[in-house]
>>> print(open('target29.cif').read())   # mmCIF, C-alpha atoms
data_structure
#
loop_
_atom_site.group_PDB
_atom_site.id
_atom_site.type_symbol
_atom_site.label_atom_id
_atom_site.label_comp_id
_atom_site.auth_asym_id
_atom_site.auth_seq_id
_atom_site.Cartn_x
_atom_site.Cartn_y
_atom_site.Cartn_z
ATOM 1 C CA MET M 1 -24.563 -4.605 -13.579
ATOM 2 C CA ASN M 2 -24.311 -0.872 -12.915
ATOM 3 C CA VAL M 3 -21.111 0.381 -11.344
ATOM 4 C CA SER M 4 -20.712 3.665 -9.508
ATOM 5 C CA LEU M 5 -17.332 5.270 -9.024
ATOM 6 C CA VAL M 6 -16.547 6.360 -5.460
ATOM 7 C CA TYR M 7 -14.620 9.570 -4.810
ATOM 8 C CA ASN M 8 -13.198 11.095 -1.649
ATOM 9 C CA ASN M 9 -12.066 14.735 -1.834
ATOM 10 C CA LYS M 10 -12.325 14.601 -5.646
ATOM 11 C CA LYS M 11 -9.997 11.579 -5.790
ATOM 12 C CA LEU M 12 -11.144 8.209 -7.129
ATOM 13 C CA ILE M 13 -10.908 5.620 -4.352
ATOM 14 C CA GLY M 14 -12.896 2.696 -5.785
ATOM 15 C CA LYS M 15 -16.195 1.499 -7.163
ATOM 16 C CA CYS M 16 -19.406 -0.036 -5.859
ATOM 17 C CA SER M 17 -22.488 -1.723 -7.251
ATOM 18 C CA LYS M 18 -24.965 0.357 -5.274
ATOM 19 C CA PHE M 19 -24.997 3.271 -2.858
ATOM 20 C CA ALA M 20 -27.452 5.159 -0.696
ATOM 21 C CA ILE M 21 -27.165 8.413 1.226
ATOM 22 C CA GLU M 22 -28.589 8.090 4.722
ATOM 23 C CA LYS M 23 -29.459 10.873 7.121
ATOM 24 C CA VAL M 24 -30.060 10.251 10.811
ATOM 25 C CA GLN M 25 -31.492 13.199 12.710
ATOM 26 C CA GLY M 26 -28.748 15.075 14.521
ATOM 27 C CA THR M 27 -25.920 13.676 12.391
ATOM 28 C CA SER M 28 -24.268 14.483 9.092
ATOM 29 C CA PRO M 29 -25.409 12.470 6.073
ATOM 30 C CA PHE M 30 -23.392 9.328 5.387
ATOM 31 C CA VAL M 31 -23.056 7.078 2.375
ATOM 32 C CA MET M 32 -23.743 3.343 2.477
ATOM 33 C CA LEU M 33 -21.875 1.379 -0.199
ATOM 34 C CA GLU M 34 -22.680 -2.098 -1.458
ATOM 35 C CA ASN M 35 -19.954 -4.332 -2.948
ATOM 36 C CA PHE M 36 -17.250 -1.683 -2.559
ATOM 37 C CA GLU M 37 -13.974 -2.463 -4.344
ATOM 38 C CA PRO M 38 -11.068 -0.138 -3.532
ATOM 39 C CA LYS M 39 -9.006 1.169 -6.410
ATOM 40 C CA GLN M 40 -5.833 -0.844 -6.715
ATOM 41 C CA PRO M 41 -2.885 1.417 -7.424
ATOM 42 C CA GLN M 42 -0.634 0.372 -10.281
ATOM 43 C CA LEU M 43 2.898 0.211 -8.927
ATOM 44 C CA ASN M 44 5.810 1.559 -10.934
ATOM 45 C CA GLU M 45 8.983 -0.485 -11.420
ATOM 46 C CA ASN M 46 10.729 1.024 -8.389
ATOM 47 C CA GLN M 47 7.739 0.303 -6.154
ATOM 48 C CA LYS M 48 7.586 -3.296 -7.437
ATOM 49 C CA ALA M 49 11.311 -3.766 -6.798
ATOM 50 C CA LEU M 50 10.949 -2.472 -3.244
ATOM 51 C CA VAL M 51 7.988 -4.781 -2.550
ATOM 52 C CA ILE M 52 10.170 -7.698 -3.647
ATOM 53 C CA TRP M 53 13.001 -6.424 -1.445
ATOM 54 C CA MET M 54 10.668 -6.258 1.571
ATOM 55 C CA GLN M 55 9.432 -9.815 0.857
ATOM 56 C CA GLU M 56 12.994 -11.110 0.665
ATOM 57 C CA ASN M 57 13.957 -9.183 3.798
ATOM 58 C CA GLU M 58 10.942 -10.711 5.550
ATOM 59 C CA CYS M 59 12.294 -14.182 4.725
ATOM 60 C CA TYR M 60 15.608 -13.091 6.228
ATOM 61 C CA ASN M 61 14.260 -11.596 9.459
ATOM 62 C CA GLY M 62 10.895 -13.393 9.766
ATOM 63 C CA ASP M 63 8.909 -10.242 10.562
ATOM 64 C CA PRO M 64 6.838 -8.372 7.956
ATOM 65 C CA LEU M 65 6.712 -5.161 9.988
ATOM 66 C CA GLU M 66 10.460 -5.212 10.490
ATOM 67 C CA SER M 67 10.838 -5.410 6.713
ATOM 68 C CA ILE M 68 8.871 -2.186 6.406
ATOM 69 C CA SER M 69 10.795 -0.465 9.175
ATOM 70 C CA ASP M 70 14.116 -1.591 7.664
ATOM 71 C CA LEU M 71 13.199 0.222 4.472
ATOM 72 C CA PHE M 72 12.188 3.406 6.319
ATOM 73 C CA LEU M 73 15.198 3.580 8.655
ATOM 74 C CA GLU M 74 16.852 6.913 9.075
ATOM 75 C CA GLY M 75 19.850 7.242 6.824
ATOM 76 C CA THR M 76 20.410 4.988 3.879
ATOM 77 C CA PRO M 77 19.691 1.254 3.976
ATOM 78 C CA SER M 78 23.343 0.457 3.216
ATOM 79 C CA GLU M 79 24.366 2.127 6.487
ATOM 80 C CA HIS M 80 22.265 -0.431 8.362
ATOM 81 C CA PHE M 81 22.958 -3.432 6.092
ATOM 82 C CA PRO M 82 26.553 -3.028 4.878
ATOM 83 C CA ASP M 83 26.800 -6.660 3.691
ATOM 84 C CA LEU M 84 23.856 -6.360 1.276
ATOM 85 C CA PRO M 85 24.097 -4.737 -2.162
ATOM 86 C CA LEU M 86 21.462 -2.067 -1.629
ATOM 87 C CA SER M 87 22.483 0.763 -3.910
ATOM 88 C CA CYS M 88 19.594 -0.088 -6.265
ATOM 89 C CA VAL M 89 17.192 -0.256 -3.307
ATOM 90 C CA GLU M 90 18.344 3.145 -2.104
ATOM 91 C CA ALA M 91 17.910 4.697 -5.549
ATOM 92 C CA ALA M 92 14.457 3.142 -5.957
ATOM 93 C CA TYR M 93 13.347 4.333 -2.513
ATOM 94 C CA GLN M 94 14.643 7.864 -3.025
ATOM 95 C CA SER M 95 12.756 8.125 -6.324
ATOM 96 C CA LEU M 96 9.353 7.699 -4.614
ATOM 97 C CA ASN M 97 7.101 10.428 -3.297
ATOM 98 C CA ASN M 98 5.087 9.887 -0.094
ATOM 99 C CA GLN M 99 1.968 8.653 -1.942
ATOM 100 C CA GLN M 100 4.042 6.089 -3.841
ATOM 101 C CA LYS M 101 5.631 4.904 -0.593
ATOM 102 C CA ILE M 102 2.179 4.389 0.947
ATOM 103 C CA GLU M 103 0.951 2.487 -2.130
ATOM 104 C CA MET M 104 4.054 0.275 -2.038
ATOM 105 C CA VAL M 105 3.605 -0.607 1.648
ATOM 106 C CA GLN M 106 -0.112 -1.218 1.067
ATOM 107 C CA LYS M 107 0.678 -3.668 -1.745
ATOM 108 C CA TYR M 108 3.305 -5.427 0.381
ATOM 109 C CA LEU M 109 0.855 -5.862 3.272
ATOM 110 C CA GLU M 110 -1.944 -7.041 0.947
ATOM 111 C CA GLN M 111 0.356 -9.709 -0.480
ATOM 112 C CA TYR M 112 1.448 -10.741 3.006
ATOM 113 C CA LEU M 113 -2.159 -11.115 4.145
ATOM 114 C CA GLU M 114 -3.054 -13.110 1.015
ATOM 115 C CA GLN M 115 -0.184 -15.533 1.742
ATOM 116 C CA GLY M 116 -1.476 -16.012 5.279
ATOM 117 C CA GLU M 117 -4.903 -16.998 3.931
ATOM 118 C CA GLU M 118 -3.493 -19.723 1.698
#
>>> encode(input="target29.cif", output="structure tokens")
Amino acid sequence: MNVSLVYNNKKLIGKCSKFAIEKVQGTSPFVMLENFEPKQPQLNENQKALVIWMQENECYNGDPLESISDLFLEGTPSEHFPDLPLSCVEAAYQSLNNQQKIEMVQKYLEQYLEQGEE
């Protein structure tokens, strides 16, 4: 099976088995992809640890979106959760750039959705 790599703004975003460029009069050309598979980012150790923290926090508060917001609160997490040992969480979070934060949240949400399907 042939595989084509899919790029957006010179950045690899996934692969597909087949593609076609379509042009409808009066519009810009668009690409139709068949069997598109998005690129799965490989998380670093800090991202993995934070995904686990969000999963455990979700068990504590029962809300997956609250787990994300708890991690992104203004200030440090220990200011909001003084009873939890979060110094490692804070260090892991502060080590990430914005792209890594997005990848981490994406992975957390993917895992949450997969659990809901089971």
>>> residues_around(input="target29.cif", residues="Gln106 (chain M)", least_positions_apart="5", cutoff="10 Å", atoms="only C-alpha atoms", output="PyMOL selection string")
chain M and resi 40-41+51+100-101+111-112
>>> atom_distance(input="target29.cif", atom1="CA of Lys18 (chain M)", atom2="CA of Pro38 (chain M)")
14.0 Å
>>> atom_distance(input="target29.cif", atom1="CA of Lys23 (chain M)", atom2="CA of Asn8 (chain M)")
18.5 Å
>>> atom_distance(input="target29.cif", atom1="CA of Ala49 (chain M)", atom2="CA of Glu37 (chain M)")
25.4 Å
>>> residues_around(input="target29.cif", residues="region 56-67 of chain M", least_positions_apart="2", cutoff="12 Å", atoms="all atoms listed in the file", output="PDB file with C-alpha atoms, in the frame of the given file")
ATOM      1  CA  ALA M  49      11.311  -3.766  -6.798  1.00  0.00           C
ATOM      2  CA  LEU M  50      10.949  -2.472  -3.244  1.00  0.00           C
ATOM      3  CA  VAL M  51       7.988  -4.781  -2.550  1.00  0.00           C
ATOM      4  CA  ILE M  52      10.170  -7.698  -3.647  1.00  0.00           C
ATOM      5  CA  TRP M  53      13.001  -6.424  -1.445  1.00  0.00           C
ATOM      6  CA  MET M  54      10.668  -6.258   1.571  1.00  0.00           C
ATOM      7  CA  SER M  69      10.795  -0.465   9.175  1.00  0.00           C
ATOM      8  CA  ASP M  70      14.116  -1.591   7.664  1.00  0.00           C
ATOM      9  CA  LEU M  71      13.199   0.222   4.472  1.00  0.00           C
ATOM     10  CA  PHE M  72      12.188   3.406   6.319  1.00  0.00           C
ATOM     11  CA  LEU M  73      15.198   3.580   8.655  1.00  0.00           C
ATOM     12  CA  PRO M  77      19.691   1.254   3.976  1.00  0.00           C
ATOM     13  CA  PHE M  81      22.958  -3.432   6.092  1.00  0.00           C
ATOM     14  CA  LEU M  84      23.856  -6.360   1.276  1.00  0.00           C
ATOM     15  CA  LEU M  86      21.462  -2.067  -1.629  1.00  0.00           C
ATOM     16  CA  VAL M  89      17.192  -0.256  -3.307  1.00  0.00           C
ATOM     17  CA  VAL M 105       3.605  -0.607   1.648  1.00  0.00           C
ATOM     18  CA  GLN M 106      -0.112  -1.218   1.067  1.00  0.00           C
ATOM     19  CA  TYR M 108       3.305  -5.427   0.381  1.00  0.00           C
ATOM     20  CA  LEU M 109       0.855  -5.862   3.272  1.00  0.00           C
ATOM     21  CA  GLU M 110      -1.944  -7.041   0.947  1.00  0.00           C
ATOM     22  CA  GLN M 111       0.356  -9.709  -0.480  1.00  0.00           C
ATOM     23  CA  TYR M 112       1.448 -10.741   3.006  1.00  0.00           C
ATOM     24  CA  LEU M 113      -2.159 -11.115   4.145  1.00  0.00           C
ATOM     25  CA  GLN M 115      -0.184 -15.533   1.742  1.00  0.00           C
ATOM     26  CA  GLY M 116      -1.476 -16.012   5.279  1.00  0.00           C
TER      27      GLY M 116
END
>>> closest_residue(input="target29.cif", among="M:Ser95, M:Glu45, M:Leu5, M:Glu103", to="Ser17 (chain M)", atoms="only C-alpha atoms")
M:Leu5
>>> build_atoms(input="target29.cif", residues="region 42-63 of chain M", atoms="N, CA and C atoms", output="mmCIF file, in the frame of the given file")
data_model
loop_
_atom_site.group_PDB
_atom_site.id
_atom_site.type_symbol
_atom_site.label_atom_id
_atom_site.label_comp_id
_atom_site.auth_asym_id
_atom_site.auth_seq_id
_atom_site.Cartn_x
_atom_site.Cartn_y
_atom_site.Cartn_z
ATOM 1 N N GLN M 42 -1.587 1.054 -9.426
ATOM 2 C CA GLN M 42 -0.634 0.372 -10.281
ATOM 3 C C GLN M 42 0.759 0.812 -9.850
ATOM 4 N N LEU M 43 1.564 -0.134 -9.401
ATOM 5 C CA LEU M 43 2.898 0.211 -8.927
ATOM 6 C C LEU M 43 3.852 0.421 -10.092
ATOM 7 N N ASN M 44 4.776 1.383 -9.929
ATOM 8 C CA ASN M 44 5.810 1.559 -10.934
ATOM 9 C C ASN M 44 6.924 0.551 -10.669
ATOM 10 N N GLU M 45 7.913 0.520 -11.534
ATOM 11 C CA GLU M 45 8.983 -0.485 -11.420
ATOM 12 C C GLU M 45 9.752 -0.371 -10.112
ATOM 13 N N ASN M 46 10.009 0.850 -9.650
ATOM 14 C CA ASN M 46 10.729 1.024 -8.389
ATOM 15 C C ASN M 46 9.906 0.524 -7.210
ATOM 16 N N GLN M 47 8.605 0.799 -7.224
ATOM 17 C CA GLN M 47 7.739 0.303 -6.154
ATOM 18 C C GLN M 47 7.717 -1.230 -6.155
ATOM 19 N N LYS M 48 7.602 -1.834 -7.330
ATOM 20 C CA LYS M 48 7.586 -3.296 -7.437
ATOM 21 C C LYS M 48 8.884 -3.888 -6.906
ATOM 22 N N ALA M 49 10.013 -3.270 -7.264
ATOM 23 C CA ALA M 49 11.311 -3.766 -6.798
ATOM 24 C C ALA M 49 11.415 -3.689 -5.280
ATOM 25 N N LEU M 50 10.885 -2.625 -4.698
ATOM 26 C CA LEU M 50 10.949 -2.472 -3.244
ATOM 27 C C LEU M 50 10.012 -3.442 -2.527
ATOM 28 N N VAL M 51 8.878 -3.763 -3.130
ATOM 29 C CA VAL M 51 7.988 -4.781 -2.550
ATOM 30 C C VAL M 51 8.722 -6.120 -2.522
ATOM 31 N N ILE M 52 9.395 -6.446 -3.600
ATOM 32 C CA ILE M 52 10.170 -7.698 -3.647
ATOM 33 C C ILE M 52 11.266 -7.674 -2.595
ATOM 34 N N TRP M 53 11.952 -6.533 -2.453
ATOM 35 C CA TRP M 53 13.001 -6.424 -1.445
ATOM 36 C C TRP M 53 12.437 -6.662 -0.051
ATOM 37 N N MET M 54 11.271 -6.067 0.248
ATOM 38 C CA MET M 54 10.668 -6.258 1.571
ATOM 39 C C MET M 54 10.281 -7.724 1.783
ATOM 40 N N GLN M 55 9.790 -8.406 0.732
ATOM 41 C CA GLN M 55 9.432 -9.815 0.857
ATOM 42 C C GLN M 55 10.673 -10.659 1.132
ATOM 43 N N GLU M 56 11.754 -10.367 0.436
ATOM 44 C CA GLU M 56 12.994 -11.110 0.665
ATOM 45 C C GLU M 56 13.561 -10.812 2.041
ATOM 46 N N ASN M 57 13.486 -9.570 2.475
ATOM 47 C CA ASN M 57 13.957 -9.183 3.798
ATOM 48 C C ASN M 57 13.124 -9.862 4.874
ATOM 49 N N GLU M 58 11.827 -10.012 4.615
ATOM 50 C CA GLU M 58 10.942 -10.711 5.550
ATOM 51 C C GLU M 58 11.399 -12.161 5.732
ATOM 52 N N CYS M 59 11.789 -12.808 4.637
ATOM 53 C CA CYS M 59 12.294 -14.182 4.725
ATOM 54 C C CYS M 59 13.568 -14.228 5.567
ATOM 55 N N TYR M 60 14.345 -13.174 5.490
ATOM 56 C CA TYR M 60 15.608 -13.091 6.228
ATOM 57 C C TYR M 60 15.371 -12.858 7.712
ATOM 58 N N ASN M 61 14.439 -11.939 8.051
ATOM 59 C CA ASN M 61 14.260 -11.596 9.459
ATOM 60 C C ASN M 61 12.992 -12.189 10.085
ATOM 61 N N GLY M 62 12.088 -12.728 9.253
ATOM 62 C CA GLY M 62 10.895 -13.393 9.766
ATOM 63 C C GLY M 62 9.783 -12.486 10.249
ATOM 64 N N ASP M 63 9.901 -11.180 10.034
ATOM 65 C CA ASP M 63 8.909 -10.242 10.562
ATOM 66 C C ASP M 63 8.512 -9.247 9.471
#
